[in-house]
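The file input-v1.cif contains mmCIF, C-alpha atoms:
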```
data_work
loop_
_atom_site.label_atom_id
_atom_site.label_comp_id
_atom_site.auth_asym_id
_atom_site.auth_seq_id
_atom_site.Cartn_x
_atom_site.Cartn_y
_atom_site.Cartn_z
CA MET A 1 167.40 -156.46 286.45
CA ALA A 2 169.71 -157.05 283.54
CA SER A 3 172.23 -159.85 283.97
CA VAL A 4 175.47 -158.17 282.91
CA ARG A 5 179.12 -158.02 283.89
CA GLU A 6 180.20 -155.49 286.44
CA GLN A 7 183.17 -153.99 284.58
CA GLU A 8 182.93 -151.20 282.01
CA PHE A 9 183.12 -152.25 278.36
CA THR A 10 186.68 -151.85 277.07
CA GLY A 11 186.14 -152.35 273.36
CA GLN A 12 187.05 -156.04 273.31
CA ILE A 13 184.53 -158.68 272.29
CA GLY A 14 185.23 -160.65 275.45
CA ASP A 15 184.21 -157.65 277.55
CA LEU A 16 180.81 -157.12 275.95
CA PRO A 17 177.93 -157.01 278.43
CA ALA A 18 176.19 -160.37 278.72
CA ALA A 19 172.76 -160.87 277.20
CA ILE A 20 170.14 -158.66 278.82
CA GLU A 21 167.39 -160.40 280.78
CA GLY A 22 164.05 -159.28 282.18
CA PRO A 23 160.84 -157.66 280.93
CA SER A 24 162.63 -155.06 278.76
CA VAL A 25 163.51 -157.92 276.37
CA TRP A 26 160.50 -158.86 274.26
CA TYR A 27 159.44 -159.79 270.73
CA GLY A 28 156.69 -157.98 268.85
CA PRO A 29 154.30 -160.80 267.90
CA GLU A 30 154.13 -162.04 271.48
CA MET A 31 153.69 -158.52 272.85
CA THR A 32 151.00 -157.66 270.30
CA ALA A 33 148.98 -160.66 271.48
CA ARG A 34 148.91 -159.22 275.00
CA THR A 35 146.82 -156.37 276.36
CA ASP A 36 148.43 -155.77 279.76
CA TRP A 37 150.25 -152.73 278.33
CA ILE A 38 146.91 -151.01 277.59
CA HIS A 39 145.42 -149.07 280.52
CA LEU A 40 141.82 -147.85 280.22
CA LEU A 41 140.84 -144.67 282.05
CA SER A 42 137.67 -145.03 284.07
CA ALA A 43 134.90 -142.45 284.37
CA ALA A 44 136.26 -141.62 287.83
CA ASP A 45 139.77 -141.14 286.41
CA ILE A 46 138.48 -138.74 283.75
CA ALA A 47 136.43 -136.85 286.34
CA GLU A 48 139.62 -136.29 288.37
CA VAL A 49 141.44 -134.99 285.30
CA GLU A 50 138.60 -132.63 284.42
CA GLN A 51 138.47 -131.36 287.99
CA ALA A 52 142.22 -130.68 287.84
CA ILE A 53 142.12 -128.82 284.53
CA GLU A 54 139.05 -126.65 285.25
CA PRO A 55 140.72 -123.93 287.36
CA LEU A 56 143.80 -123.90 285.13
CA VAL A 57 141.77 -123.52 281.94
CA ASN A 58 139.49 -120.89 283.48
CA ALA A 59 142.55 -118.86 284.49
CA GLU A 60 144.20 -119.46 281.08
CA ALA A 61 147.23 -120.63 283.06
CA ASP A 62 150.59 -120.80 281.31
CA ILE A 63 150.77 -124.50 280.51
CA ALA A 64 154.58 -124.42 280.50
CA GLN A 65 154.52 -123.45 284.20
CA ILE A 66 152.20 -126.24 285.40
CA THR A 67 153.77 -128.51 288.01
CA LYS A 68 152.69 -131.78 289.57
CA ALA A 69 151.52 -129.84 292.63
CA ASP A 70 149.22 -127.81 290.36
CA PHE A 71 147.63 -130.99 289.02
CA PRO A 72 146.37 -133.15 291.90
CA LEU A 73 144.95 -136.55 290.95
CA PRO A 74 144.03 -138.18 294.28
CA GLN A 75 143.29 -141.68 292.95
CA LEU A 76 144.69 -141.66 289.41
CA ALA A 77 148.16 -140.57 290.59
CA GLY A 78 148.79 -144.01 292.08
CA LYS A 79 147.85 -145.72 288.81
CA LEU A 80 150.13 -143.37 286.86
CA ALA A 81 153.01 -144.11 289.25
CA GLY A 82 152.63 -147.82 288.55
CA ILE A 83 152.53 -147.22 284.81
CA SER A 84 155.64 -145.03 285.03
CA ASP A 85 157.50 -147.76 286.90
CA ASP A 86 156.61 -150.27 284.20
CA VAL A 87 157.86 -147.87 281.53
CA LEU A 88 161.17 -147.19 283.30
CA ASN A 89 161.84 -150.63 284.81
CA GLY A 90 159.59 -153.04 282.96
CA ARG A 91 158.65 -153.58 279.31
CA GLY A 92 159.51 -149.97 278.44
CA PHE A 93 156.20 -148.65 277.15
CA ALA A 94 152.52 -148.24 277.95
CA LEU A 95 149.33 -147.01 276.30
CA VAL A 96 146.80 -145.08 278.40
CA ARG A 97 143.45 -144.91 276.61
CA GLY A 98 140.33 -142.83 277.03
CA LEU A 99 140.90 -139.07 277.34
CA PRO A 100 137.78 -137.40 275.88
CA VAL A 101 139.69 -135.09 273.54
CA GLU A 102 136.82 -134.94 271.02
CA ARG A 103 134.76 -132.82 273.44
CA TRP A 104 137.64 -130.72 274.74
CA SER A 105 139.12 -127.52 273.37
CA MET A 106 142.80 -127.48 272.46
CA ARG A 107 143.56 -125.66 275.71
CA GLN A 108 141.69 -128.29 277.72
CA ALA A 109 143.41 -131.17 275.94
CA ALA A 110 146.87 -129.59 276.20
CA THR A 111 146.39 -128.72 279.88
CA ALA A 112 145.15 -132.22 280.73
CA TYR A 113 147.98 -133.89 278.83
CA PHE A 114 150.71 -131.66 280.26
CA GLY A 115 149.30 -132.08 283.76
CA ILE A 116 149.26 -135.87 283.45
CA GLY A 117 152.81 -135.66 282.09
CA THR A 118 153.99 -133.96 285.29
CA HIS A 119 153.22 -137.22 287.10
CA PHE A 120 155.81 -138.95 284.88
CA GLY A 121 158.53 -136.30 284.84
CA ASN A 122 159.63 -132.78 284.04
CA ALA A 123 159.00 -131.51 280.51
CA ARG A 124 162.07 -130.70 278.40
CA PRO A 125 162.38 -128.53 275.25
CA GLN A 126 161.93 -130.46 272.02
CA ASN A 127 163.44 -127.94 269.61
CA GLY A 128 165.46 -124.74 269.41
CA LYS A 129 162.32 -122.68 270.03
CA GLY A 130 161.96 -124.01 273.57
CA HIS A 131 158.72 -125.89 272.90
CA ILE A 132 158.07 -128.18 275.86
CA LEU A 133 154.70 -129.08 274.39
CA GLY A 134 155.28 -130.39 270.89
CA HIS A 135 152.88 -130.72 267.99
CA VAL A 136 153.41 -133.70 265.71
CA ARG A 137 151.77 -132.61 262.48
CA ASP A 138 152.66 -132.41 258.81
CA LEU A 139 153.94 -128.90 258.09
CA GLY A 140 155.08 -129.71 254.57
CA ARG A 141 158.79 -129.88 255.42
CA ASP A 142 161.24 -131.84 253.26
CA GLY A 143 162.71 -134.53 255.50
CA VAL A 144 165.14 -135.76 252.83
CA ASN A 145 166.73 -132.67 251.32
CA ASP A 146 166.35 -130.08 254.10
CA PRO A 147 169.19 -130.68 256.61
CA THR A 148 167.38 -128.71 259.33
CA SER A 149 163.97 -130.37 259.01
CA ARG A 150 162.54 -132.79 261.55
CA ILE A 151 160.70 -135.85 260.25
CA TYR A 152 157.73 -135.34 262.58
CA GLN A 153 156.89 -132.25 260.47
CA THR A 154 156.32 -134.45 257.39
CA THR A 155 154.17 -137.38 256.27
CA GLU A 156 157.24 -139.57 255.77
CA ARG A 157 158.14 -142.65 257.74
CA GLN A 158 160.33 -141.68 260.69
CA THR A 159 162.52 -144.84 260.93
CA PHE A 160 163.40 -146.31 264.32
CA HIS A 161 165.14 -143.87 266.65
CA THR A 162 165.34 -142.50 270.19
CA ASP A 163 164.59 -138.99 271.43
CA SER A 164 166.72 -136.90 273.79
CA CYS A 165 164.91 -137.59 277.06
CA ASP A 166 164.08 -140.37 279.49
CA ILE A 167 160.44 -140.79 278.40
CA VAL A 168 158.79 -139.62 275.18
CA ALA A 169 155.01 -139.34 275.37
CA LEU A 170 152.34 -138.79 272.72
CA LEU A 171 148.67 -137.84 272.91
CA CYS A 172 146.58 -138.55 269.82
CA LEU A 173 144.14 -135.79 268.96
CA LYS A 174 143.31 -136.75 265.36
CA THR A 175 144.30 -139.65 263.14
CA ALA A 176 145.41 -139.68 259.50
CA LYS A 177 143.27 -140.77 256.56
CA SER A 178 145.48 -143.86 256.35
CA GLY A 179 148.81 -144.99 257.78
CA GLY A 180 150.69 -143.29 260.59
CA ALA A 181 150.87 -146.35 262.86
CA SER A 182 153.21 -146.27 265.84
CA ALA A 183 155.99 -148.86 265.74
CA LEU A 184 158.05 -149.94 268.76
CA VAL A 185 161.01 -152.26 269.24
CA SER A 186 163.08 -153.25 272.26
CA SER A 187 166.68 -152.10 271.82
CA MET A 188 167.57 -154.66 274.49
CA THR A 189 166.28 -157.41 272.19
CA ILE A 190 168.30 -155.91 269.32
CA TYR A 191 171.41 -156.05 271.49
CA ASN A 192 170.80 -159.68 272.42
CA GLU A 193 170.25 -160.64 268.78
CA MET A 194 173.44 -158.85 267.68
CA LEU A 195 175.34 -160.54 270.49
CA ARG A 196 174.05 -163.91 269.31
CA ARG A 197 174.52 -163.37 265.58
CA ARG A 198 177.46 -160.98 265.10
CA PRO A 199 179.25 -160.11 268.32
CA ASP A 200 182.21 -158.95 266.21
CA LEU A 201 180.15 -155.94 265.05
CA LEU A 202 178.99 -154.82 268.48
CA PRO A 203 182.22 -153.00 269.54
CA TYR A 204 181.68 -150.49 266.71
CA LEU A 205 178.40 -149.44 268.31
CA PHE A 206 180.07 -148.86 271.69
CA GLU A 207 182.27 -146.21 270.04
CA GLY A 208 181.28 -142.57 269.54
CA LEU A 209 179.39 -141.94 266.29
CA HIS A 210 179.04 -138.42 264.91
CA THR A 211 175.33 -137.57 264.88
CA ASP A 212 173.87 -134.41 263.30
CA ARG A 213 172.11 -131.91 265.58
CA ARG A 214 170.09 -130.70 262.54
CA GLY A 215 170.91 -127.07 263.14
CA GLU A 216 169.83 -126.95 266.79
CA VAL A 217 173.23 -126.41 268.37
CA PRO A 218 173.78 -125.67 272.09
CA GLU A 219 176.11 -122.79 272.88
CA GLY A 220 179.76 -123.80 272.64
CA GLN A 221 179.03 -127.20 271.07
CA ASN A 222 179.74 -128.70 267.66
CA PRO A 223 176.83 -129.11 265.22
CA TRP A 224 177.04 -132.84 265.99
CA HIS A 225 177.53 -135.06 269.04
CA ASP A 226 179.61 -138.21 269.45
CA ILE A 227 177.58 -140.50 271.70
CA PRO A 228 177.82 -144.28 271.08
CA VAL A 229 174.71 -146.22 270.13
CA PHE A 230 175.18 -148.67 273.03
CA ASN A 231 176.24 -147.28 276.39
CA TRP A 232 177.00 -149.52 279.37
CA HIS A 233 176.97 -147.65 282.68
CA ALA A 234 176.09 -148.45 286.30
CA ASN A 235 174.77 -151.92 285.40
CA HIS A 236 172.46 -150.52 282.72
CA LEU A 237 172.64 -150.85 278.95
CA SER A 238 171.22 -147.70 277.36
CA VAL A 239 170.75 -146.89 273.70
CA LEU A 240 170.80 -143.61 271.77
CA TYR A 241 170.12 -143.89 268.05
CA ALA A 242 169.08 -141.87 264.99
CA ARG A 243 170.44 -143.42 261.77
CA ARG A 244 169.21 -140.56 259.57
CA TYR A 245 171.21 -138.10 261.64
CA ILE A 246 174.28 -140.33 261.78
CA GLU A 247 174.20 -140.32 257.98
CA SER A 248 173.46 -136.59 257.62
CA ALA A 249 176.40 -135.72 259.90
CA ARG A 250 178.62 -136.68 256.93
CA ARG A 251 177.59 -133.34 255.34
CA PHE A 252 180.18 -131.65 257.54
CA PRO A 253 183.67 -131.64 255.98
CA GLU A 254 185.25 -132.48 259.35
CA ILE A 255 183.34 -135.77 259.59
CA ALA A 256 184.78 -138.86 257.90
CA GLU A 257 182.63 -141.32 256.02
CA LEU A 258 181.47 -144.35 257.95
CA THR A 259 183.86 -147.28 257.81
CA GLU A 260 182.81 -150.58 256.26
CA GLU A 261 182.60 -152.10 259.75
CA GLN A 262 180.54 -149.24 261.18
CA ARG A 263 178.11 -149.42 258.28
CA ALA A 264 177.77 -153.18 258.64
CA ALA A 265 177.01 -152.79 262.36
CA LEU A 266 174.43 -150.08 261.72
CA ASP A 267 172.84 -152.07 258.90
CA LEU A 268 172.42 -155.11 261.13
CA PHE A 269 170.99 -152.92 263.91
CA ASP A 270 168.45 -151.50 261.42
CA ASP A 271 167.63 -154.91 259.94
CA LEU A 272 166.83 -156.22 263.40
CA ALA A 273 164.76 -153.15 264.33
CA ASN A 274 162.74 -153.52 261.12
CA ASP A 275 162.18 -157.26 261.53
CA PRO A 276 158.45 -157.93 262.14
CA ALA A 277 159.49 -160.91 264.24
CA ILE A 278 161.05 -158.42 266.67
CA ASN A 279 159.08 -155.14 266.44
CA MET A 280 155.40 -154.33 266.86
CA GLN A 281 152.91 -151.76 265.61
CA MET A 282 149.90 -150.14 267.22
CA THR A 283 147.20 -147.84 265.90
CA PHE A 284 146.24 -144.81 267.96
CA GLU A 285 142.72 -143.68 268.71
CA PRO A 286 141.91 -140.08 269.67
CA GLY A 287 142.52 -139.79 273.41
CA ASP A 288 145.32 -142.38 273.51
CA MET A 289 148.51 -141.50 275.41
CA GLN A 290 151.65 -143.50 274.71
CA PHE A 291 154.70 -143.45 277.02
CA VAL A 292 158.03 -144.89 275.80
CA HIS A 293 161.36 -145.35 277.62
CA ASN A 294 164.06 -144.06 275.28
CA HIS A 295 166.93 -145.89 276.95
CA THR A 296 165.57 -149.40 276.26
CA MET A 297 163.23 -148.75 273.31
CA LEU A 298 163.22 -147.36 269.78
CA HIS A 299 160.12 -145.87 268.21
CA ASP A 300 159.02 -145.23 264.65
CA ARG A 301 156.01 -144.02 262.71
CA THR A 302 154.87 -145.40 259.40
CA ALA A 303 154.25 -143.03 256.48
CA PHE A 304 150.71 -141.74 256.17
CA GLU A 305 148.20 -140.10 253.88
CA ASP A 306 146.53 -137.14 255.54
CA TRP A 307 143.11 -135.58 255.14
CA PRO A 308 142.96 -132.57 252.80
CA GLU A 309 140.92 -130.50 255.27
CA PRO A 310 143.17 -128.68 257.78
CA GLU A 311 140.78 -129.32 260.66
CA ARG A 312 140.93 -133.11 260.08
CA LYS A 313 144.70 -133.51 259.70
CA ARG A 314 146.63 -135.99 261.81
CA HIS A 315 147.66 -134.25 265.02
CA LEU A 316 149.43 -135.49 268.12
CA LEU A 317 150.83 -133.67 271.12
CA ARG A 318 154.25 -134.71 272.42
CA LEU A 319 156.20 -134.44 275.66
CA TRP A 320 159.86 -135.14 276.36
CA LEU A 321 160.14 -135.98 280.05
CA ALA A 322 163.00 -136.16 282.54
CA ALA A 323 161.84 -138.77 285.04
CA PRO A 324 162.77 -138.32 288.72
CA LYS A 325 163.25 -142.09 289.12
CA ALA A 326 165.21 -142.62 285.91
CA ARG A 327 168.43 -144.59 285.58
CA PRO A 328 171.90 -143.01 285.80
CA LEU A 329 173.49 -142.14 282.45
CA PRO A 330 177.18 -141.89 281.48
CA GLU A 331 178.84 -138.48 281.27
CA VAL A 332 179.01 -138.67 277.46
CA TYR A 333 175.21 -138.11 277.38
CA ALA A 334 175.80 -134.53 278.53
CA GLN A 335 176.76 -133.75 274.91
CA ARG A 336 173.13 -134.30 273.97
CA TYR A 337 171.25 -133.95 277.27
CA GLY A 338 173.05 -130.83 278.49
CA LYS A 339 173.73 -132.58 281.79
CA ILE A 340 173.00 -135.99 283.27
CA ASP A 341 171.27 -134.98 286.53
CA ILE A 342 168.34 -137.34 287.11
CA GLY A 343 165.07 -135.44 286.80
CA ASP A 344 166.73 -132.42 285.17
CA ARG A 345 168.31 -133.52 281.90
CA GLY A 346 167.58 -133.89 278.23
CA GLY A 347 165.93 -131.82 275.57
CA ILE A 348 167.37 -129.48 272.97
CA LEU A 349 169.05 -126.57 274.74
CA VAL A 350 169.76 -123.54 272.57
CA ALA A 351 170.95 -120.19 273.92
CA GLY A 352 168.16 -117.62 274.25
CA ALA A 353 165.30 -120.11 274.00
CA VAL A 354 162.58 -119.78 276.66
CA ASN A 355 160.44 -122.78 277.55
CA ASN A 356 156.92 -122.37 276.20
CA ALA A 357 153.88 -124.52 275.35
CA PRO A 358 152.27 -123.38 272.10
CA LEU A 359 148.67 -124.35 271.42
CA GLU A 360 149.25 -124.52 267.66
CA ALA A 361 151.77 -126.32 265.45
CA VAL A 362 154.43 -123.77 264.53
#
```
Translate this structure into structure tokens?
Amino acid sequence: MASVREQEFTGQIGDLPAAIEGPSVWYGPEMTARTDWIHLLSAADIAEVEQAIEPLVNAEADIAQITKADFPLPQLAGKLAGISDDVLNGRGFALVRGLPVERWSMRQAATAYFGIGTHFGNARPQNGKGHILGHVRDLGRDGVNDPTSRIYQTTERQTFHTDSCDIVALLCLKTAKSGGASALVSSMTIYNEMLRRRPDLLPYLFEGLHTDRRGEVPEGQNPWHDIPVFNWHANHLSVLYARRYIESARRFPEIAELTEEQRAALDLFDDLANDPAINMQMTFEPGDMQFVHNHTMLHDRTAFEDWPEPERKRHLLRLWLAAPKARPLPEVYAQRYGKIDIGDRGGILVAGAVNNAPLEAV
């Protein structure tokens, strides 16, 4: 557990939470040299998954309605529970390798992935269309000049950020011609390094920062939210961050430009996240599932060159999950998460959207 002071942060340097301790603090080169975060599925594990998906696929079941009870995994469930605990309370991420997606149809792969996801949490909508099964694929969008685009719809680098859920998960179906590596960094390590190097800048990241919703606005809300980057609550330090969207929020006339101090704090945060002595990269193989804890981790994707043939293009499936054993979050997160109820929070909630799980990237 993190070693931190009991009182809430008041905005004074002397009241900053103490340095975070424990397995959520790590440095990329050391982590890359380890393999204990890679979990290989056995033949018996895969057999259980295929047994679980068979009746659902045969019935063409609505994937969006699948629950944990619909997807029994007698032996694998215990392994997944241990992996989930490590994601939420340990190093903050895991890679599960070996789903045979090359021999499965899209419906089989999506059903298997969604079903496994139910053992980690409840799926949340990832966009204003209510997609609780996301497709990460280049759709030719302009991530720089289009204020409503999402970077996962392009070939551009994403930059380090968090998503609006407890756990973000990816399943690799097809890889790019080159590039497209997954990059991870511990936001707890970033905090510790800022505390050591420039504690005078940290208070600016405990203040609300206007962040663009990119056109996906919940009913009755502003087209931005004001959640701080660092949030200290109930003995947990949690992070919410998307620098691109902090910058693009300045397109609204009501939003002031960043101050010199805010920009310096954000620049140091980014410099630390991008430091190869702190972050790590991994390359996906088809059938890999990655699970990342948003509250203690940032994730990124390098730019990539895709295949010209549509059937070969880089393609991942994504889940945003509300974990039933997640940490408590401060009330300010309701601006982005809708509410802060454990197991039933997060996602992009837009009036009129109905949760659905498309089998194609749209």
Picked residues, the PyMOL selection byres ((chain A and resi 191) around 12), expected as JSON, numbers by chain: {"A": [16, 17, 18, 19, 20, 21, 24, 25, 26, 185, 186, 187, 188, 189, 190, 192, 193, 194, 195, 196, 197, 198, 199, 201, 202, 203, 205, 206, 229, 230, 231, 232, 237, 238, 239, 265, 266, 268, 269, 270, 272, 273, 278, 296, 297]}
Hits from the PyMOL selection byres ((chain A and resi 96) around 10), listed as a list in words: Trp37, Ile38, His39, Leu40, Leu41, Leu80, Ile83, Ala94, Leu95, Arg97, Gly98, Leu99, Leu171, Gly287, Asp288, Met289, Gln290 and Phe291 of chain A
Contacts of Ala249 in chain A within 9 Å, only C-alpha atoms, excl. fewer than 6 positions in-chain, as an NGL selection string: :A and (210-214 or 223-224 or 255)
For CA of Gly215 in chain A and CA of Gly128 in chain A, the interatomic separation in Å (one decimal): 8.6 Å
Shell of 12 Å around Arg103 in chain A, all atoms listed in the file, local chain residues under 6 positions omitted, as a short mmCIF file (atom, residue, chain, number, x, y, z; two decimals) with C-alpha atoms, keeping the file's coordinate frame:
```
data_model
loop_
_atom_site.label_atom_id
_atom_site.label_comp_id
_atom_site.auth_asym_id
_atom_site.auth_seq_id
_atom_site.Cartn_x
_atom_site.Cartn_y
_atom_site.Cartn_z
CA GLU A 50 138.60 -132.63 284.42
CA ALA A 109 143.41 -131.17 275.94
CA LEU A 173 144.14 -135.79 268.96
CA PRO A 286 141.91 -140.08 269.67
CA GLY A 287 142.52 -139.79 273.41
#
```
